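A.B. asks: Have a look at this one before I ask anything.
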Number of protein chains: 2
Amino acid sequence: MNTLGGPALDELQRRLGYQFIDRNHLLRALTHRSAQRDHNERLEFLGDALIGMIAAAYFYQRFPDEDEGTLSRLRSSVVRGQSLAEIAEGLDLSSCLILGESERKSGGRHRRSILADTLEALAGAVMLDASLETAQAVVGAWLADAMGSASPKDAIDAKTQLQEWLQARGESLPQYAVLDVSGSAHEQTFTVCCELKQRKLVTEAAAASRRAAEKLAAAEMLQKLSVSRDG
Amino acid sequence: MNTLGGPALDELQRRLGYQFIDRNHLLRALTHRSAQRDHNERLEFLGDALIGMIAAAYFYQRFPDEDEGTLSRLRSSVVRGQSLAEIAEGLDLSSCLILGESERKSGGRHRRSILADTLEALAGAVMLDASLETAQAVVGAWLADAMGSASPKDAIDAKTQLQEWLQARGESLPQYAVLDVSGSAHEQTFTVCCELKQRKLVTEAAAASRRAAEKLAAAEMLQKLSVSRDG
């Protein structure tokens, strides 16, 4: 099932900035479940967690004055499928994917979800193959440009972003509602939901103000949409 | 604002199995936003990501034959608020919380969400204070019992768990619907939603079978509920 020659793998490892001790880790990470039983979905689970941690640590250090809501949105902007797919394209993973026949024929090689998932699996593979510190450095380097160009300003206005995204598609606007207010007068927590009736999607978020909670809920909705609009 | 004496902090560090190099990391992690501006919410963001990564790595290694859906549910069972609050209670964090007056008066010291958040913040603080390998070992030890007692069997039947949880509260049962089916005949991906009409909550999940996707959506709903039922 492995259709990759040694030179192609050597090239890929150069691009990844990491030489695998156990090449099976690398091969498994490149293997889509359409190709064989021993595929990359477990590694994807592992790599997703590593990438989330790396992005959290990066934004925590880089933006000492931003609150956790902004940090969370900054991280989402990097770890969402579309962003990871672009990084995967930059590393030319397309040419190295190990796919089953039907995926190959239906253009799976350039499908963004497959590219993003494979990048996550590769992160998981590095984590298994190397020390945690090394994995952080290697995978951090893949993410460096995306993390470096993420700005709190872009991340901050998720409500407007969501509105524009929907308007561009001629869809009705999101509806926000307060589900719960708790806490004493000066430390209230607002829980709100953001609903897209047409798409039957709802997200929920809580924050110290209604406006902040709405923004968080909108950011979560954007994340949902960037996954579901993939294909 | 710091009402903790040196001996109490020394005791806490013994229970945590970690001696902070910079005691300010520890104090910040214990400080709820009701107490002062320099509180623990940013650290909580950091620690949440670390805990997620540690649990992912643990379950990946411990259950080599489980698929990513089961691994994800196993992790959720440990990183959800209720589980973290129990770990926080085991470490007796209650006695060490730095709270504002109103939170103190309203019983914040024993509020599960505050305990869980503080545990996450402490994980973030260790990550700042130590090497990543050390942080993984220290925080992994806090989670060890919870991770060790999580079983794929418990994790697997989220639909039944959700049903029982709702029935115990006299609420109507969840409704599942297929939102999308994609892929070729033998590699289909089913996207389903799980909706609690009474609570206006919806979750979504995708998997290779409708049944598997429904279970994932139910597991996500359980996670949502375990957060929102806190208090």
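Here, A, B, ... name the chains of the structure tokens in the order displayed, residue numbers run from 1 inside each chain, and ligands are numbered from 1 in the same displayed order.
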Go through stretch 171-226 of chain A and collect every residue that DSSP, computed from the backbone, puts in alpha helix (DSSP H); the answer should be as a PDB file with C-alpha atoms, in the first residue's frame.

C.D. replies:
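Heads up, here's the output in out.pdb:
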ATOM      1  CA  ARG A 210     -23.224  39.556  27.475  1.00  0.00           C
ATOM      2  CA  ARG A 211     -21.270  41.118  24.636  1.00  0.00           C
ATOM      3  CA  ALA A 212     -18.147  39.094  25.384  1.00  0.00           C
ATOM      4  CA  ALA A 213     -20.169  35.888  25.631  1.00  0.00           C
ATOM      5  CA  GLU A 214     -21.840  36.616  22.283  1.00  0.00           C
ATOM      6  CA  LYS A 215     -18.453  37.086  20.678  1.00  0.00           C
ATOM      7  CA  LEU A 216     -17.229  33.781  22.078  1.00  0.00           C
ATOM      8  CA  ALA A 217     -20.349  31.996  20.867  1.00  0.00           C
ATOM      9  CA  ALA A 218     -19.876  33.561  17.421  1.00  0.00           C
ATOM     10  CA  ALA A 219     -16.234  32.458  17.392  1.00  0.00           C
ATOM     11  CA  GLU A 220     -17.276  28.907  18.180  1.00  0.00           C
ATOM     12  CA  MET A 221     -19.849  29.042  15.413  1.00  0.00           C
ATOM     13  CA  LEU A 222     -17.178  30.203  12.972  1.00  0.00           C
ATOM     14  CA  GLN A 223     -15.087  27.242  13.967  1.00  0.00           C
ATOM     15  CA  LYS A 224     -18.008  24.877  13.399  1.00  0.00           C
ATOM     16  CA  LEU A 225     -18.628  26.395  10.004  1.00  0.00           C
ATOM     17  CA  SER A 226     -15.007  26.237   8.907  1.00  0.00           C
TER      18      SER A 226
END

A.B. asks: Need to verify the contact set: stretch 168-181 of chain B, 9 Å, only C-alpha atoms, exclusion of same-chain residues closer than 4 positions in sequence. Can you return it as a list of chain:residue names?

C.D. replies: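 Returned residues: B:Lys159, B:Leu162, B:Gln163, B:Glu164, B:Gln188, B:Thr189, B:Phe190, B:Thr191, B:Val192, B:Cys193, B:Cys194, B:Glu195, B:Leu196, B:Lys197, B:Gln198, B:Glu204, B:Ala206, B:Arg210, B:Glu214, B:Ala217, B:Ala218.
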
A.B. asks: For A:Gly148, list every protein, DNA or RNA residue within 12 Å, evaluated using only C-alpha atoms, and leave out those in the same chain fewer than 3 positions away; present the list as a short mmCIF file (atom, residue, chain, number, x, y, z; two decimals) with C-alpha atoms, in the first residue's frame.

C.D. replies:
data_model
loop_
_atom_site.label_atom_id
_atom_site.label_comp_id
_atom_site.auth_asym_id
_atom_site.auth_seq_id
_atom_site.Cartn_x
_atom_site.Cartn_y
_atom_site.Cartn_z
CA ALA A 55 -0.59 27.16 20.13
CA TYR A 58 2.70 30.42 22.08
CA PHE A 59 -0.19 32.85 22.38
CA ARG A 62 3.24 36.36 22.95
CA PHE A 63 0.20 38.32 24.17
CA LEU A 74 -6.25 33.27 18.45
CA ARG A 75 -5.60 29.60 18.96
CA SER A 77 -7.64 30.70 14.12
CA VAL A 78 -4.53 28.53 13.85
CA GLY A 140 5.99 24.72 16.52
CA ALA A 141 8.14 25.51 13.49
CA TRP A 142 5.42 24.21 11.14
CA LEU A 143 2.91 26.51 12.81
CA ALA A 144 5.23 29.50 13.19
CA ASP A 145 4.03 31.56 10.23
CA SER A 151 -3.49 39.10 15.54
CA PRO A 152 -5.86 39.84 18.44
#

A.B. asks: Might you pull out every residue within 10 Å of A:Glu41, with only C-alpha atoms counted and same-chain residues fewer than 5 positions away left off, and present them as JSON, numbers by chain?

C.D. replies: {"A": [28, 29, 31, 32, 33, 46, 47, 117, 118, 120, 121, 124], "B": [67, 68, 69]}

A.B. asks: Taking only C-alpha atoms into account, find every residue of chain B that has an atom no more than 8 Å from chain A, and write it out as an MDAnalysis selection string.

C.D. replies: chainID B and resid 34 41:42 45:46 49:50 52:53 56:57 60 67:68 71:72 102 132:133 184 187 200:203

A.B. asks: With N, CA and C atoms retained, export the selected residues as an mmCIF file, in the first residue's frame.

C.D. replies:
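See part-v4.cif below for the written result:
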data_model
loop_
_atom_site.group_PDB
_atom_site.id
_atom_site.type_symbol
_atom_site.label_atom_id
_atom_site.label_comp_id
_atom_site.auth_asym_id
_atom_site.auth_seq_id
_atom_site.Cartn_x
_atom_site.Cartn_y
_atom_site.Cartn_z
ATOM 1 N N SER B 34 -12.431 37.144 41.058
ATOM 2 C CA SER B 34 -13.154 37.984 42.020
ATOM 3 C C SER B 34 -12.198 38.679 42.988
ATOM 4 N N GLU B 41 -7.195 33.320 35.051
ATOM 5 C CA GLU B 41 -7.914 32.832 33.868
ATOM 6 C C GLU B 41 -7.024 32.587 32.656
ATOM 7 N N ARG B 42 -5.973 33.368 32.510
ATOM 8 C CA ARG B 42 -5.044 33.094 31.412
ATOM 9 C C ARG B 42 -4.301 31.769 31.657
ATOM 10 N N PHE B 45 -6.392 28.820 30.746
ATOM 11 C CA PHE B 45 -6.355 28.539 29.295
ATOM 12 C C PHE B 45 -5.145 27.666 28.954
ATOM 13 N N LEU B 46 -4.010 28.024 29.520
ATOM 14 C CA LEU B 46 -2.776 27.290 29.269
ATOM 15 C C LEU B 46 -2.858 25.870 29.832
ATOM 16 N N ALA B 49 -5.016 23.264 27.987
ATOM 17 C CA ALA B 49 -4.362 22.678 26.813
ATOM 18 C C ALA B 49 -3.348 21.616 27.233
ATOM 19 N N LEU B 50 -2.623 21.878 28.319
ATOM 20 C CA LEU B 50 -1.642 20.903 28.806
ATOM 21 C C LEU B 50 -2.338 19.619 29.263
ATOM 22 N N GLY B 52 -5.239 18.487 28.365
ATOM 23 C CA GLY B 52 -5.768 17.783 27.201
ATOM 24 C C GLY B 52 -4.696 16.962 26.507
ATOM 25 N N MET B 53 -3.511 17.534 26.411
ATOM 26 C CA MET B 53 -2.408 16.849 25.748
ATOM 27 C C MET B 53 -1.939 15.640 26.575
ATOM 28 N N ALA B 56 -4.510 12.909 26.268
ATOM 29 C CA ALA B 56 -4.458 12.313 24.928
ATOM 30 C C ALA B 56 -3.299 11.327 24.827
ATOM 31 N N ALA B 57 -2.132 11.745 25.297
ATOM 32 C CA ALA B 57 -0.951 10.884 25.221
ATOM 33 C C ALA B 57 -1.146 9.622 26.062
ATOM 34 N N TYR B 60 -3.752 7.298 24.380
ATOM 35 C CA TYR B 60 -3.180 6.758 23.139
ATOM 36 C C TYR B 60 -2.295 5.546 23.456
ATOM 37 N N ASP B 67 -10.258 3.081 18.867
ATOM 38 C CA ASP B 67 -10.206 4.093 17.811
ATOM 39 C C ASP B 67 -10.244 5.504 18.418
ATOM 40 N N GLU B 68 -10.052 6.501 17.542
ATOM 41 C CA GLU B 68 -9.910 7.871 18.015
ATOM 42 C C GLU B 68 -11.191 8.382 18.683
ATOM 43 N N LEU B 71 -10.963 7.105 22.181
ATOM 44 C CA LEU B 71 -9.898 7.855 22.872
ATOM 45 C C LEU B 71 -10.405 9.241 23.256
ATOM 46 N N SER B 72 -11.151 9.848 22.347
ATOM 47 C CA SER B 72 -11.652 11.187 22.592
ATOM 48 C C SER B 72 -12.653 11.188 23.746
ATOM 49 N N SER B 102 -17.176 38.586 47.820
ATOM 50 C CA SER B 102 -18.517 38.076 47.524
ATOM 51 C C SER B 102 -18.487 36.592 47.185
ATOM 52 N N LEU B 132 8.750 21.312 30.020
ATOM 53 C CA LEU B 132 7.532 20.647 29.568
ATOM 54 C C LEU B 132 7.486 19.195 30.060
ATOM 55 N N GLU B 133 8.623 18.523 30.053
ATOM 56 C CA GLU B 133 8.672 17.121 30.508
ATOM 57 C C GLU B 133 8.283 17.034 31.991
ATOM 58 N N SER B 184 -17.507 7.899 -0.864
ATOM 59 C CA SER B 184 -17.975 6.833 -1.750
ATOM 60 C C SER B 184 -18.555 5.688 -0.924
ATOM 61 N N GLU B 187 -16.664 4.122 2.035
ATOM 62 C CA GLU B 187 -15.938 5.002 2.963
ATOM 63 C C GLU B 187 -16.775 6.207 3.306
ATOM 64 N N LYS B 200 -32.456 23.734 24.270
ATOM 65 C CA LYS B 200 -31.932 24.450 23.097
ATOM 66 C C LYS B 200 -30.446 24.171 22.888
ATOM 67 N N LEU B 201 -30.084 22.914 23.037
ATOM 68 C CA LEU B 201 -28.674 22.548 22.843
ATOM 69 C C LEU B 201 -28.572 21.616 21.646
ATOM 70 N N VAL B 202 -27.567 21.830 20.831
ATOM 71 C CA VAL B 202 -27.313 20.943 19.701
ATOM 72 C C VAL B 202 -25.826 20.626 19.644
ATOM 73 N N THR B 203 -25.497 19.377 19.406
ATOM 74 C CA THR B 203 -24.098 19.039 19.122
ATOM 75 C C THR B 203 -24.062 18.303 17.796
#

A.B. asks: Identify, on the basis of only C-alpha atoms, every residue whose closest approach to A:Glu89 does not exceed 10 Å; exclude the query and any residue fewer than 2 positions from it along the same chain; express the result as a PyMOL selection string.

C.D. replies: chain A and resi 83-87+91-95+110+112+115-116+119

A.B. asks: Provide the atom CA of A:Pro7 to atom CA of A:Leu122 distance in Å, to one decimal place.

C.D. replies: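 Between these atoms lies a distance of 18.1 Å.
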
A.B. asks: What is the atom CA of B:Met147 to atom CA of B:Asn24 distance in Å?

C.D. replies: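 Value for the atom CA of B:Met147-atom CA of B:Asn24 distance: 29.2 Å.
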
A.B. asks: Applying 10 Å and only C-alpha atoms, which residues near B:Leu27 remain after dropping the ones on its own chain fewer than 6 positions away? List them as a VMD selection string.

C.D. replies: chain B and resid 2 4 9 38 to 40 96 to 98 122 125

A.B. asks: Please produce a file of those selected residues containing N, CA and C atoms, as a short mmCIF file (atom, residue, chain, number, x, y, z; two decimals), in the first residue's frame.

C.D. replies:
data_model
loop_
_atom_site.label_atom_id
_atom_site.label_comp_id
_atom_site.auth_asym_id
_atom_site.auth_seq_id
_atom_site.Cartn_x
_atom_site.Cartn_y
_atom_site.Cartn_z
N ASN B 2 -3.53 38.32 49.18
CA ASN B 2 -3.09 36.96 49.45
C ASN B 2 -3.25 36.66 50.93
N LEU B 4 -2.89 33.59 52.12
CA LEU B 4 -2.27 32.30 52.38
C LEU B 4 -0.90 32.49 53.02
N LEU B 9 1.17 27.28 51.88
CA LEU B 9 1.69 27.12 50.52
C LEU B 9 2.67 25.95 50.44
N ASP B 38 -4.99 40.56 38.68
CA ASP B 38 -3.98 39.60 38.25
C ASP B 38 -4.43 38.18 38.65
N HIS B 39 -5.42 37.66 37.92
CA HIS B 39 -6.07 36.41 38.32
C HIS B 39 -5.65 35.24 37.43
N ASN B 40 -6.32 34.12 37.62
CA ASN B 40 -5.81 32.88 37.02
C ASN B 40 -6.42 32.46 35.68
N CYS B 96 -7.04 26.64 49.77
CA CYS B 96 -5.98 27.53 49.28
C CYS B 96 -6.44 28.56 48.26
N LEU B 97 -7.72 28.56 47.91
CA LEU B 97 -8.21 29.50 46.91
C LEU B 97 -8.12 30.94 47.41
N ILE B 98 -7.75 31.83 46.53
CA ILE B 98 -7.73 33.25 46.85
C ILE B 98 -8.94 33.88 46.13
N LEU B 122 -3.36 25.78 37.86
CA LEU B 122 -2.15 25.24 38.49
C LEU B 122 -1.33 24.45 37.47
N ALA B 125 0.47 26.90 35.52
CA ALA B 125 1.54 27.50 36.30
C ALA B 125 2.77 26.59 36.35
#

A.B. asks: So the first atom is atom CA of A:Val138 and the second is atom CA of B:Asp129; what is the distance between them in Å, to one decimal place?

C.D. replies: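 Separating atom CA of A:Val138 from atom CA of B:Asp129 is a distance of 21.7 Å.
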
A.B. asks: If you run DSSP on the backbone here, which positions in stretch 127-214 of chain A get strand (DSSP E)? Please write them as a PDB file with C-alpha atoms, in the first residue's frame.

C.D. replies:
ATOM      1  CA  GLN A 175     -29.743  34.903  16.617  1.00  0.00           C
ATOM      2  CA  TYR A 176     -28.241  35.445  20.051  1.00  0.00           C
ATOM      3  CA  ALA A 177     -30.069  34.779  23.300  1.00  0.00           C
ATOM      4  CA  VAL A 178     -29.094  34.903  26.965  1.00  0.00           C
ATOM      5  CA  LEU A 179     -29.598  31.458  28.485  1.00  0.00           C
ATOM      6  CA  ASP A 180     -28.432  32.196  31.999  1.00  0.00           C
ATOM      7  CA  VAL A 181     -27.059  34.919  34.257  1.00  0.00           C
ATOM      8  CA  SER A 182     -25.373  33.822  37.460  1.00  0.00           C
ATOM      9  CA  THR A 189     -21.470  35.357  34.289  1.00  0.00           C
ATOM     10  CA  PHE A 190     -23.580  35.494  31.152  1.00  0.00           C
ATOM     11  CA  THR A 191     -24.285  32.331  29.214  1.00  0.00           C
ATOM     12  CA  VAL A 192     -25.539  32.983  25.722  1.00  0.00           C
ATOM     13  CA  CYS A 193     -26.287  30.922  22.653  1.00  0.00           C
ATOM     14  CA  CYS A 194     -25.739  31.738  19.015  1.00  0.00           C
ATOM     15  CA  GLU A 195     -28.139  30.003  16.655  1.00  0.00           C
ATOM     16  CA  LEU A 196     -28.201  29.599  12.882  1.00  0.00           C
ATOM     17  CA  LEU A 201     -26.510  24.916  14.465  1.00  0.00           C
ATOM     18  CA  VAL A 202     -26.234  26.248  17.994  1.00  0.00           C
ATOM     19  CA  THR A 203     -23.195  27.206  20.015  1.00  0.00           C
ATOM     20  CA  GLU A 204     -22.991  28.342  23.599  1.00  0.00           C
ATOM     21  CA  ALA A 205     -20.498  30.406  25.562  1.00  0.00           C
ATOM     22  CA  ALA A 206     -20.137  32.122  28.917  1.00  0.00           C
ATOM     23  CA  ALA A 207     -18.267  35.282  29.875  1.00  0.00           C
TER      24      ALA A 207
END
